[in-house]
Amino acid sequence: MILEAFLVVAAALFTIGLFGALTQQSIVMLMMGLELMINGIILATAAYWYFLAPAAADGQVIVVAVVTAMAIEMAMGFAVVTAIYRAKRIDMTDSATELEG
């Protein structure tokens, strides 16, 4: 495959994620949009790294580390959203702005 194909898919992922992050009011859907945006960035970075230095495994190691950190971050985010929902019954971003006390 050529680099442009990977970059088109990465741009599509980022665009779909951006649309989802900007249009959704559900906190979970917002997080899913952010996840798609990050996946697009990771795909573009991995494609560049593969085409610039295909013999080096440095890019693969960094991608695995970033995906692992992203999975931990999303698990913590969902835990926070679950705690907010259990405490205040808030699941929309408009309502989450009033979380004091």
# chains A, B, ... in the order shown; residues from 1 in each chain; ligands from 1
$ residues_around --residues "Thr45 in chain A" --least-positions-apart "3" --cutoff "10 Å" --atoms "only C-alpha atoms" --output "short mmCIF file (atom, residue, chain, number, x, y, z; two decimals) with C-alpha atoms, in the first residue's frame"
data_model
loop_
_atom_site.label_atom_id
_atom_site.label_comp_id
_atom_site.auth_asym_id
_atom_site.auth_seq_id
_atom_site.Cartn_x
_atom_site.Cartn_y
_atom_site.Cartn_z
CA PHE A 6 -3.01 5.30 5.09
CA LEU A 7 -3.19 9.07 5.44
CA ALA A 10 -6.27 8.44 9.18
CA ASN A 39 -6.68 6.54 16.55
CA GLY A 40 -6.40 8.64 13.39
CA ILE A 41 -3.31 10.36 14.75
CA ILE A 42 -1.77 7.03 15.75
CA TYR A 48 4.91 7.76 8.45
CA TRP A 49 7.25 5.80 10.68
CA TYR A 50 6.85 2.66 8.57
CA GLY A 59 7.82 3.14 15.71
CA ILE A 62 5.95 3.70 20.50
CA VAL A 63 2.58 2.88 18.89
#
$ residues_around --residues "range 22-35 of chain A" --least-positions-apart "3" --cutoff "12 Å" --atoms "only C-alpha atoms" --output "NGL selection string"
:A and (13-19 or 38-42 or 67 or 69-82 or 84-85 or 90-97)
$ atom_distance --atom1 "CA of Ala44 in chain A" --atom2 "CA of Ala21 in chain A"
19.5 Å
$ select_by_dssp --residues "chain A" --states "helix (DSSP H, G or I)" --output "PyMOL selection string"
chain A and resi 3-23+27-52+58-88+95-98
$ write_last_selection --atoms "C-alpha atoms" --output "tab-separated table (two decimals), in the first residue's frame"
chain	number	residue	atom	x	y	z
A	3	LEU	CA	1.40	6.21	2.23
A	4	GLU	CA	-1.44	8.30	0.83
A	5	ALA	CA	-3.96	5.50	1.43
A	6	PHE	CA	-3.01	5.30	5.09
A	7	LEU	CA	-3.19	9.07	5.44
A	8	VAL	CA	-6.64	9.19	3.84
A	9	VAL	CA	-7.93	6.57	6.29
A	10	ALA	CA	-6.27	8.44	9.18
A	11	ALA	CA	-7.84	11.72	8.06
A	12	ALA	CA	-11.23	10.03	7.75
A	13	LEU	CA	-10.93	8.61	11.28
A	14	PHE	CA	-9.91	12.00	12.65
A	15	THR	CA	-12.75	13.78	10.82
A	16	ILE	CA	-15.40	11.32	11.98
A	17	GLY	CA	-14.07	11.59	15.53
A	18	LEU	CA	-14.08	15.39	15.38
A	19	PHE	CA	-17.67	15.40	14.12
A	20	GLY	CA	-18.67	13.00	16.90
A	21	ALA	CA	-16.88	15.01	19.57
A	22	LEU	CA	-18.46	18.29	18.47
A	23	THR	CA	-22.03	17.11	17.90
A	27	ILE	CA	-20.31	12.03	27.65
A	28	VAL	CA	-19.70	8.47	26.45
A	29	MET	CA	-20.21	9.44	22.80
A	30	LEU	CA	-17.90	12.42	23.27
A	31	MET	CA	-15.21	10.09	24.61
A	32	MET	CA	-15.71	7.76	21.66
A	33	GLY	CA	-15.21	10.68	19.27
A	34	LEU	CA	-11.99	11.62	21.05
A	35	GLU	CA	-10.88	7.99	20.82
A	36	LEU	CA	-11.42	8.00	17.04
A	37	MET	CA	-9.41	11.21	16.72
A	38	ILE	CA	-6.51	9.71	18.66
A	39	ASN	CA	-6.68	6.54	16.55
A	40	GLY	CA	-6.40	8.64	13.39
A	41	ILE	CA	-3.31	10.36	14.75
A	42	ILE	CA	-1.77	7.03	15.75
A	43	LEU	CA	-2.45	5.55	12.31
A	44	ALA	CA	-0.85	8.53	10.54
A	45	THR	CA	2.17	8.42	12.84
A	46	ALA	CA	2.64	4.68	12.39
A	47	ALA	CA	2.33	4.98	8.61
A	48	TYR	CA	4.91	7.76	8.45
A	49	TRP	CA	7.25	5.80	10.68
A	50	TYR	CA	6.85	2.66	8.57
A	51	PHE	CA	7.56	4.46	5.33
A	52	LEU	CA	10.50	6.48	6.71
A	58	ASP	CA	11.07	1.96	17.28
A	59	GLY	CA	7.82	3.14	15.71
A	60	GLN	CA	6.02	-0.08	16.55
A	61	VAL	CA	7.12	0.10	20.17
A	62	ILE	CA	5.95	3.70	20.50
A	63	VAL	CA	2.58	2.88	18.89
A	64	VAL	CA	2.06	-0.03	21.30
A	65	ALA	CA	2.96	2.22	24.24
A	66	VAL	CA	0.59	4.95	23.06
A	67	VAL	CA	-2.28	2.51	22.51
A	68	THR	CA	-1.70	1.07	25.99
A	69	ALA	CA	-1.71	4.53	27.55
A	70	MET	CA	-4.84	5.39	25.57
A	71	ALA	CA	-6.62	2.28	26.81
A	72	ILE	CA	-5.76	3.13	30.42
A	73	GLU	CA	-6.89	6.73	29.90
A	74	MET	CA	-10.23	5.63	28.43
A	75	ALA	CA	-10.80	3.14	31.26
A	76	MET	CA	-10.19	5.89	33.81
A	77	GLY	CA	-12.47	8.24	31.89
A	78	PHE	CA	-15.29	5.70	31.85
A	79	ALA	CA	-14.78	5.12	35.57
A	80	VAL	CA	-15.16	8.85	36.22
A	81	VAL	CA	-18.26	9.03	34.01
A	82	THR	CA	-19.75	6.04	35.85
A	83	ALA	CA	-19.03	7.65	39.23
A	84	ILE	CA	-20.63	10.94	38.12
A	85	TYR	CA	-23.68	9.12	36.83
A	86	ARG	CA	-24.09	7.11	40.02
A	87	ALA	CA	-23.70	10.17	42.24
A	88	LYS	CA	-25.71	12.79	40.34
A	95	SER	CA	-25.66	18.96	32.83
A	96	ALA	CA	-22.09	18.09	33.84
A	97	THR	CA	-21.12	21.76	34.05
A	98	GLU	CA	-23.05	22.04	37.33
